[in-house]
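Peer 1: Sharing my_file-v9.cif here; it has mmCIF, C-alpha atoms.
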data_target
loop_
_atom_site.label_atom_id
_atom_site.label_comp_id
_atom_site.auth_asym_id
_atom_site.auth_seq_id
_atom_site.Cartn_x
_atom_site.Cartn_y
_atom_site.Cartn_z
CA MET V 1482 72.42 -32.60 -56.92
CA ASN V 1483 74.17 -32.12 -53.59
CA THR V 1484 71.54 -32.31 -50.87
CA LYS V 1485 72.87 -32.42 -47.33
CA THR V 1486 70.96 -34.03 -44.48
CA ALA V 1487 71.60 -32.62 -41.01
CA LEU V 1488 72.15 -35.26 -38.33
CA SER V 1489 70.93 -34.71 -34.81
CA PRO V 1490 71.55 -34.25 -32.01
CA LYS V 1491 74.72 -32.15 -32.23
CA LEU V 1492 77.88 -34.22 -32.04
CA TYR V 1493 79.88 -33.98 -28.81
CA PHE V 1494 83.50 -34.56 -29.83
CA SER V 1495 86.27 -35.03 -27.28
CA TYR V 1496 89.91 -36.06 -27.15
CA SER V 1497 90.19 -34.13 -30.44
CA GLN V 1498 88.23 -36.75 -32.37
CA PHE V 1499 84.97 -38.15 -33.65
CA MET V 1500 84.14 -41.54 -35.17
CA VAL V 1501 82.28 -42.69 -38.28
CA TYR V 1502 81.63 -46.41 -38.39
CA ASP V 1503 79.46 -49.19 -39.72
CA GLN V 1504 76.93 -50.44 -37.17
CA SER V 1505 78.51 -53.92 -37.38
CA VAL V 1506 81.75 -52.65 -35.79
CA ARG V 1507 81.76 -53.66 -32.13
CA LEU V 1508 84.75 -51.53 -31.04
CA PRO V 1509 84.93 -48.43 -33.28
CA GLY V 1510 87.74 -46.63 -31.43
CA CYS V 1511 91.13 -46.73 -33.13
CA ALA V 1512 94.53 -46.76 -31.42
CA TRP V 1513 96.25 -43.49 -32.33
CA THR V 1514 99.98 -43.16 -32.99
CA ALA V 1515 101.99 -39.98 -33.64
CA GLU V 1516 101.74 -40.76 -37.37
CA HIS V 1517 97.94 -40.99 -37.20
CA THR V 1518 97.75 -37.65 -35.40
CA ALA V 1519 100.02 -36.00 -38.00
CA GLN V 1520 97.73 -37.14 -40.84
CA GLY V 1521 94.48 -36.37 -38.99
CA PHE V 1522 92.84 -39.81 -38.94
CA ALA V 1523 93.14 -43.43 -37.88
CA ARG V 1524 91.14 -46.06 -39.73
CA ARG V 1525 90.19 -49.65 -40.24
CA GLU V 1526 88.01 -51.11 -42.99
CA SER V 1527 84.62 -49.97 -41.62
CA THR V 1528 85.58 -47.38 -39.01
CA VAL V 1529 87.36 -44.03 -39.16
CA ASN V 1530 88.40 -41.81 -36.26
CA PHE V 1531 88.92 -38.27 -37.53
CA ASN V 1532 90.97 -35.72 -35.61
CA THR V 1533 89.19 -32.44 -34.85
CA SER V 1534 90.87 -29.04 -34.71
CA LEU V 1535 89.47 -28.42 -31.23
CA GLU V 1536 90.05 -30.71 -28.24
CA PHE V 1537 86.38 -30.85 -27.26
CA GLY V 1538 83.09 -29.21 -28.15
CA TYR V 1539 79.99 -29.59 -30.26
CA ALA V 1540 79.63 -29.91 -34.01
CA ASP V 1541 76.78 -29.60 -36.46
CA VAL V 1542 77.08 -32.65 -38.73
CA ALA V 1543 75.56 -32.99 -42.18
CA VAL V 1544 75.77 -35.84 -44.69
CA ALA V 1545 75.72 -35.54 -48.48
CA ARG V 1546 75.32 -38.75 -50.46
CA SER V 1547 77.54 -37.47 -53.25
CA ALA V 1548 81.12 -36.80 -54.26
CA TYR V 1549 82.97 -34.15 -52.26
CA GLN V 1550 82.04 -30.58 -53.11
CA GLY V 1551 84.85 -28.26 -52.04
CA LYS V 1552 84.28 -24.96 -50.26
CA GLU V 1553 86.87 -22.35 -49.47
CA GLU V 1554 85.89 -22.23 -45.79
CA TYR V 1555 86.81 -25.88 -45.15
CA GLU V 1556 89.99 -25.92 -43.04
CA ARG V 1557 90.59 -29.69 -43.01
CA VAL V 1558 89.38 -32.23 -45.58
CA ILE V 1559 90.26 -35.93 -45.55
CA ALA V 1560 89.04 -38.68 -47.92
CA VAL V 1561 89.21 -42.35 -46.90
CA PRO V 1562 88.04 -45.75 -48.18
CA PHE V 1563 85.00 -46.95 -46.24
CA LEU V 1564 83.14 -50.27 -46.32
CA VAL V 1565 79.48 -50.47 -45.30
CA THR V 1566 78.23 -53.97 -44.45
CA SER V 1567 75.21 -53.46 -42.17
CA GLY V 1568 73.35 -50.74 -44.06
CA LYS V 1569 73.68 -48.27 -41.15
CA VAL V 1570 76.48 -45.77 -40.43
CA ILE V 1571 76.93 -44.18 -36.99
CA VAL V 1572 78.61 -40.84 -36.26
CA GLU V 1573 79.60 -40.17 -32.65
CA GLY V 1574 82.18 -38.81 -30.27
CA PRO V 1575 84.30 -41.13 -28.11
CA GLU V 1576 82.43 -40.21 -24.92
CA GLU V 1577 78.95 -40.51 -26.40
CA THR V 1578 76.98 -43.67 -25.68
CA LYS V 1579 73.90 -44.99 -27.44
CA SER V 1580 74.02 -42.23 -30.04
CA GLU V 1581 70.97 -41.88 -32.26
CA ARG V 1582 73.06 -40.04 -34.86
CA SER V 1583 73.12 -42.34 -37.88
CA PHE V 1584 72.16 -42.68 -41.51
CA SER V 1585 71.32 -45.56 -43.83
CA LEU V 1586 73.42 -46.65 -46.80
CA PRO V 1587 73.33 -49.76 -48.97
CA ALA V 1588 76.16 -52.21 -48.28
CA GLY V 1589 79.18 -51.52 -50.46
CA ASN V 1590 82.41 -49.59 -50.96
CA TYR V 1591 82.47 -45.83 -50.54
CA CYS V 1592 84.74 -42.82 -50.53
CA LEU V 1593 84.06 -41.04 -47.22
CA VAL V 1594 85.14 -37.41 -47.02
CA ALA V 1595 85.12 -35.42 -43.77
CA ALA V 1596 85.27 -31.65 -44.33
CA GLN V 1597 85.69 -29.58 -41.17
CA ARG V 1598 85.81 -25.98 -40.05
CA VAL V 1599 85.89 -24.25 -36.68
CA THR V 1600 82.99 -21.83 -36.19
CA GLY V 1601 83.60 -20.61 -32.62
CA ASP V 1602 84.86 -21.53 -29.18
CA GLU V 1603 84.14 -25.25 -28.82
CA LYS V 1604 82.13 -25.28 -32.08
CA GLU V 1605 82.78 -26.93 -35.42
CA VAL V 1606 80.90 -27.79 -38.57
CA ILE V 1607 81.53 -31.23 -40.04
CA ASP V 1608 80.23 -32.09 -43.51
CA LEU V 1609 80.46 -35.75 -44.52
CA PHE V 1610 80.36 -36.68 -48.20
CA ILE V 1611 79.77 -40.33 -49.03
CA GLU V 1612 80.21 -41.46 -52.62
CA PRO V 1613 79.46 -45.05 -53.73
CA LEU V 1614 82.26 -46.82 -55.59
CA SER V 1615 82.24 -49.94 -57.75
CA LYS V 1616 85.53 -51.11 -56.15
CA PRO V 1617 87.39 -50.11 -52.98
CA LEU V 1618 89.31 -46.84 -53.00
CA ASP V 1619 93.06 -47.57 -53.09
CA ARG V 1620 94.30 -44.91 -50.69
CA SER V 1621 93.26 -42.18 -48.31
CA THR V 1622 94.03 -38.56 -49.20
CA VAL V 1623 94.42 -35.35 -47.21
CA LEU V 1624 92.72 -32.87 -49.56
CA VAL V 1625 93.06 -29.81 -47.30
CA ALA V 1626 95.52 -29.68 -44.38
CA ASP V 1627 95.29 -27.05 -41.68
CA GLY V 1628 98.33 -25.94 -39.66
CA ALA V 1629 97.91 -28.74 -37.10
CA LEU V 1630 98.37 -31.48 -39.71
CA ASN V 1631 101.69 -32.64 -41.11
CA PRO V 1632 100.71 -35.66 -43.20
CA PRO V 1633 103.45 -37.98 -44.41
CA THR V 1634 103.79 -38.63 -48.13
CA LEU V 1635 102.54 -42.18 -47.63
CA LEU V 1636 99.53 -42.14 -45.30
CA LEU V 1637 99.10 -44.83 -42.66
CA GLU V 1638 96.08 -46.88 -43.78
CA THR V 1639 95.62 -49.13 -40.74
CA ALA V 1640 95.15 -48.74 -37.01
CA GLY V 1641 94.73 -51.04 -34.08
CA ILE V 1642 91.65 -51.18 -31.88
CA ALA V 1643 91.75 -48.65 -29.04
CA GLY V 1644 92.48 -50.30 -25.71
CA GLU V 1645 93.87 -53.51 -27.17
CA SER V 1646 97.56 -54.38 -27.06
#
Show me the file's structure as structure tokens.
Peer 2:
Amino acid sequence: MNTKTALSPKLYFSYSQFMVYDQSVRLPGCAWTAEHTAQGFARRESTVNFNTSLEFGYADVAVARSAYQGKEEYERVIAVPFLVTSGKVIVEGPEETKSERSFSLPAGNYCLVAAQRVTGDEKEVIDLFIEPLSKPLDRSTVLVADGALNPPTLLLETAGIAGES
């Protein structure tokens, strides 16, 4: 069964990105490099910054607590390892503060998939699939790459903290 739960309010993404992170992460922003941009994400153990197709706008976000279910209309799909430690996952844009957009998950290892599509000027739909795993996922994967992505064969699995040298 693949039941999606809509998160609210709508996500305001900016700087061509949004973040998914465990509530325990104090600084969820990742430092982007050209390689991160080419693959569409920058990540650490419990935080992922996903690139969006649009520079800024609003997105309807839904979460499915299941394995990824592909749809033809998805333009960009990225799967990453994700560790939950606090029991709460937050989804927000880099300019949002005190976001109420979150969902609960038991602590553990997950495969987190972000599936995106543009639906209009400054509008996207983002479906998140979160699948529990018995052990950490070895590697991230770009499952669907749009024209803006040019992922390397070996994806960059680490990123620094945004704003830190």
Peer 1: Name the residues captured by the PyMOL selection byres ((chain V and resi 1512) around 12) when it is applied to the shown file; answer as a PyMOL selection string.
Peer 2: chain V and resi 1498+1508-1511+1513-1518+1522-1525+1528-1531+1639-1646
Peer 1: Using the chain letters and numbering of this document, enumerate as a PDB file with C-alpha atoms, in the coordinates of the input the residues selected by the PyMOL selection byres ((chain V and resi 1534) around 8).
Peer 2:
ATOM      1  CA  SER V1497      90.190 -34.130 -30.440  1.00  0.00           C
ATOM      2  CA  ASN V1532      90.970 -35.720 -35.610  1.00  0.00           C
ATOM      3  CA  THR V1533      89.190 -32.440 -34.850  1.00  0.00           C
ATOM      4  CA  LEU V1535      89.470 -28.420 -31.230  1.00  0.00           C
ATOM      5  CA  GLU V1536      90.050 -30.710 -28.240  1.00  0.00           C
ATOM      6  CA  ARG V1598      85.810 -25.980 -40.050  1.00  0.00           C
ATOM      7  CA  VAL V1599      85.890 -24.250 -36.680  1.00  0.00           C
ATOM      8  CA  ALA V1629      97.910 -28.740 -37.100  1.00  0.00           C
TER       9      ALA V1629
END
Peer 1: Name the residues that the PyMOL selection byres ((chain V and resi 1621) around 6) picks from the file above, as JSON, numbers by chain, using the file's chain letters and numbers.
Peer 2: {"V": [1560, 1561, 1620, 1622]}
Peer 1: Find the residues with any atom within 9 Å of (87.3, -38.7, -26.6); use only C-alpha atoms and the coordinates as given in the file, and write the answer as number ranges by chain.
Peer 2: V: 1494-1499, 1536-1537, 1574-1577
Peer 1: Considering all atoms listed in the file, state which residue in the set V:Arg1582, V:Arg1507, V:Lys1485, V:Arg1546 is at the smallest distance from Ile1611 in chain V.
Peer 2: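 Selected residue with least distance to Ile1611 in chain V: V:Arg1546.
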Peer 1: Using only C-alpha atoms, which of V:Val1501, V:Ala1487, V:Ala1519, V:Val1506 sits nearest Pro1633 in chain V?
Peer 2: V:Ala1519
Peer 1: Quick one: residues within 7 Å of range 1589-1597 of chain V, all atoms listed in the file, excluding same-chain residues fewer than 2 positions away - as a list in words?
Peer 2: Tyr1549, Tyr1555, Glu1556, Arg1557, Val1558, Ile1559, Ala1560, Val1561, Pro1562, Phe1563, Leu1564, Val1565, Thr1566, Pro1587, Val1599, Glu1605, Val1606, Ile1607, Asp1608, Leu1609, Phe1610, Ile1611, Glu1612, Pro1613, Leu1614, Ser1615, Lys1616, Pro1617 and Leu1618 of chain V
Peer 1: Where atoms are missing, can you supply all heavy atoms for range 1517-1528 of chain V and output the lot as a PDB file, in the frame of the given file?
Peer 2:
ATOM      1  N   HIS V1517      99.373 -41.208 -36.984  1.00  0.00           N
ATOM      2  CA  HIS V1517      97.940 -40.990 -37.200  1.00  0.00           C
ATOM      3  C   HIS V1517      97.563 -39.545 -36.886  1.00  0.00           C
ATOM      4  O   HIS V1517      96.813 -38.913 -37.630  1.00  0.00           O
ATOM      5  CB  HIS V1517      97.102 -41.938 -36.323  1.00  0.00           C
ATOM      6  CG  HIS V1517      97.165 -43.365 -36.747  1.00  0.00           C
ATOM      7  ND1 HIS V1517      97.730 -44.325 -35.954  1.00  0.00           N
ATOM      8  CD2 HIS V1517      96.735 -43.991 -37.867  1.00  0.00           C
ATOM      9  CE1 HIS V1517      97.655 -45.503 -36.572  1.00  0.00           C
ATOM     10  NE2 HIS V1517      97.056 -45.329 -37.732  1.00  0.00           N
ATOM     11  N   THR V1518      98.064 -39.022 -35.779  1.00  0.00           N
ATOM     12  CA  THR V1518      97.750 -37.650 -35.400  1.00  0.00           C
ATOM     13  C   THR V1518      98.253 -36.666 -36.452  1.00  0.00           C
ATOM     14  O   THR V1518      97.551 -35.715 -36.809  1.00  0.00           O
ATOM     15  CB  THR V1518      98.371 -37.325 -34.016  1.00  0.00           C
ATOM     16  OG1 THR V1518      97.828 -38.247 -33.064  1.00  0.00           O
ATOM     17  CG2 THR V1518      98.059 -35.910 -33.587  1.00  0.00           C
ATOM     18  N   ALA V1519      99.446 -36.890 -36.987  1.00  0.00           N
ATOM     19  CA  ALA V1519     100.020 -36.000 -38.000  1.00  0.00           C
ATOM     20  C   ALA V1519      99.176 -35.962 -39.277  1.00  0.00           C
ATOM     21  O   ALA V1519      99.074 -34.927 -39.939  1.00  0.00           O
ATOM     22  CB  ALA V1519     101.448 -36.428 -38.339  1.00  0.00           C
ATOM     23  N   GLN V1520      98.535 -37.096 -39.614  1.00  0.00           N
ATOM     24  CA  GLN V1520      97.730 -37.140 -40.840  1.00  0.00           C
ATOM     25  C   GLN V1520      96.263 -36.802 -40.589  1.00  0.00           C
ATOM     26  O   GLN V1520      95.504 -36.595 -41.529  1.00  0.00           O
ATOM     27  CB  GLN V1520      97.862 -38.488 -41.540  1.00  0.00           C
ATOM     28  CG  GLN V1520      97.253 -39.661 -40.797  1.00  0.00           C
ATOM     29  CD  GLN V1520      97.571 -41.001 -41.432  1.00  0.00           C
ATOM     30  OE1 GLN V1520      98.545 -41.155 -42.168  1.00  0.00           O
ATOM     31  NE2 GLN V1520      96.725 -41.988 -41.167  1.00  0.00           N
ATOM     32  N   GLY V1521      95.832 -36.798 -39.320  1.00  0.00           N
ATOM     33  CA  GLY V1521      94.480 -36.370 -38.990  1.00  0.00           C
ATOM     34  C   GLY V1521      93.424 -37.452 -38.924  1.00  0.00           C
ATOM     35  O   GLY V1521      92.246 -37.161 -38.734  1.00  0.00           O
ATOM     36  N   PHE V1522      93.815 -38.715 -39.028  1.00  0.00           N
ATOM     37  CA  PHE V1522      92.840 -39.810 -38.940  1.00  0.00           C
ATOM     38  C   PHE V1522      93.528 -41.118 -38.624  1.00  0.00           C
ATOM     39  O   PHE V1522      94.715 -41.298 -38.879  1.00  0.00           O
ATOM     40  CB  PHE V1522      92.026 -39.944 -40.236  1.00  0.00           C
ATOM     41  CG  PHE V1522      92.833 -40.471 -41.398  1.00  0.00           C
ATOM     42  CD1 PHE V1522      92.840 -41.835 -41.700  1.00  0.00           C
ATOM     43  CD2 PHE V1522      93.586 -39.626 -42.196  1.00  0.00           C
ATOM     44  CE1 PHE V1522      93.580 -42.331 -42.765  1.00  0.00           C
ATOM     45  CE2 PHE V1522      94.336 -40.108 -43.262  1.00  0.00           C
ATOM     46  CZ  PHE V1522      94.331 -41.464 -43.544  1.00  0.00           C
ATOM     47  N   ALA V1523      92.729 -42.038 -38.083  1.00  0.00           N
ATOM     48  CA  ALA V1523      93.140 -43.430 -37.880  1.00  0.00           C
ATOM     49  C   ALA V1523      91.967 -44.268 -38.376  1.00  0.00           C
ATOM     50  O   ALA V1523      90.806 -43.939 -38.107  1.00  0.00           O
ATOM     51  CB  ALA V1523      93.427 -43.706 -36.407  1.00  0.00           C
ATOM     52  N   ARG V1524      92.247 -45.329 -39.117  1.00  0.00           N
ATOM     53  CA  ARG V1524      91.140 -46.060 -39.730  1.00  0.00           C
ATOM     54  C   ARG V1524      91.380 -47.560 -39.798  1.00  0.00           C
ATOM     55  O   ARG V1524      92.513 -48.042 -39.773  1.00  0.00           O
ATOM     56  CB  ARG V1524      90.852 -45.542 -41.141  1.00  0.00           C
ATOM     57  CG  ARG V1524      91.975 -45.760 -42.144  1.00  0.00           C
ATOM     58  CD  ARG V1524      91.588 -45.343 -43.553  1.00  0.00           C
ATOM     59  NE  ARG V1524      90.696 -46.297 -44.158  1.00  0.00           N
ATOM     60  CZ  ARG V1524      91.077 -47.375 -44.848  1.00  0.00           C
ATOM     61  NH1 ARG V1524      92.355 -47.623 -45.054  1.00  0.00           N
ATOM     62  NH2 ARG V1524      90.203 -48.200 -45.351  1.00  0.00           N
ATOM     63  N   ARG V1525      90.241 -48.246 -39.866  1.00  0.00           N
ATOM     64  CA  ARG V1525      90.190 -49.650 -40.240  1.00  0.00           C
ATOM     65  C   ARG V1525      89.163 -49.742 -41.359  1.00  0.00           C
ATOM     66  O   ARG V1525      88.630 -48.734 -41.810  1.00  0.00           O
ATOM     67  CB  ARG V1525      89.811 -50.507 -39.019  1.00  0.00           C
ATOM     68  CG  ARG V1525      90.817 -50.368 -37.869  1.00  0.00           C
ATOM     69  CD  ARG V1525      90.636 -51.402 -36.766  1.00  0.00           C
ATOM     70  NE  ARG V1525      89.308 -51.524 -36.210  1.00  0.00           N
ATOM     71  CZ  ARG V1525      88.827 -50.800 -35.194  1.00  0.00           C
ATOM     72  NH1 ARG V1525      89.571 -49.846 -34.643  1.00  0.00           N
ATOM     73  NH2 ARG V1525      87.618 -51.012 -34.731  1.00  0.00           N
ATOM     74  N   GLU V1526      88.845 -50.939 -41.808  1.00  0.00           N
ATOM     75  CA  GLU V1526      88.010 -51.110 -42.990  1.00  0.00           C
ATOM     76  C   GLU V1526      86.643 -50.417 -42.906  1.00  0.00           C
ATOM     77  O   GLU V1526      86.195 -49.792 -43.857  1.00  0.00           O
ATOM     78  CB  GLU V1526      87.804 -52.600 -43.255  1.00  0.00           C
ATOM     79  CG  GLU V1526      87.147 -52.897 -44.582  1.00  0.00           C
ATOM     80  CD  GLU V1526      87.104 -54.384 -44.864  1.00  0.00           C
ATOM     81  OE1 GLU V1526      86.574 -55.146 -44.036  1.00  0.00           O
ATOM     82  OE2 GLU V1526      87.609 -54.776 -45.928  1.00  0.00           O
ATOM     83  N   SER V1527      85.973 -50.511 -41.759  1.00  0.00           N
ATOM     84  CA  SER V1527      84.620 -49.970 -41.620  1.00  0.00           C
ATOM     85  C   SER V1527      84.483 -48.984 -40.461  1.00  0.00           C
ATOM     86  O   SER V1527      83.388 -48.746 -39.958  1.00  0.00           O
ATOM     87  CB  SER V1527      83.610 -51.108 -41.437  1.00  0.00           C
ATOM     88  OG  SER V1527      83.549 -51.920 -42.603  1.00  0.00           O
ATOM     89  N   THR V1528      85.603 -48.404 -40.047  1.00  0.00           N
ATOM     90  CA  THR V1528      85.580 -47.380 -39.010  1.00  0.00           C
ATOM     91  C   THR V1528      86.691 -46.373 -39.250  1.00  0.00           C
ATOM     92  O   THR V1528      87.788 -46.748 -39.666  1.00  0.00           O
ATOM     93  CB  THR V1528      85.698 -47.987 -37.588  1.00  0.00           C
ATOM     94  OG1 THR V1528      85.563 -46.947 -36.615  1.00  0.00           O
ATOM     95  CG2 THR V1528      87.009 -48.689 -37.365  1.00  0.00           C
TER      96      THR V1528
END
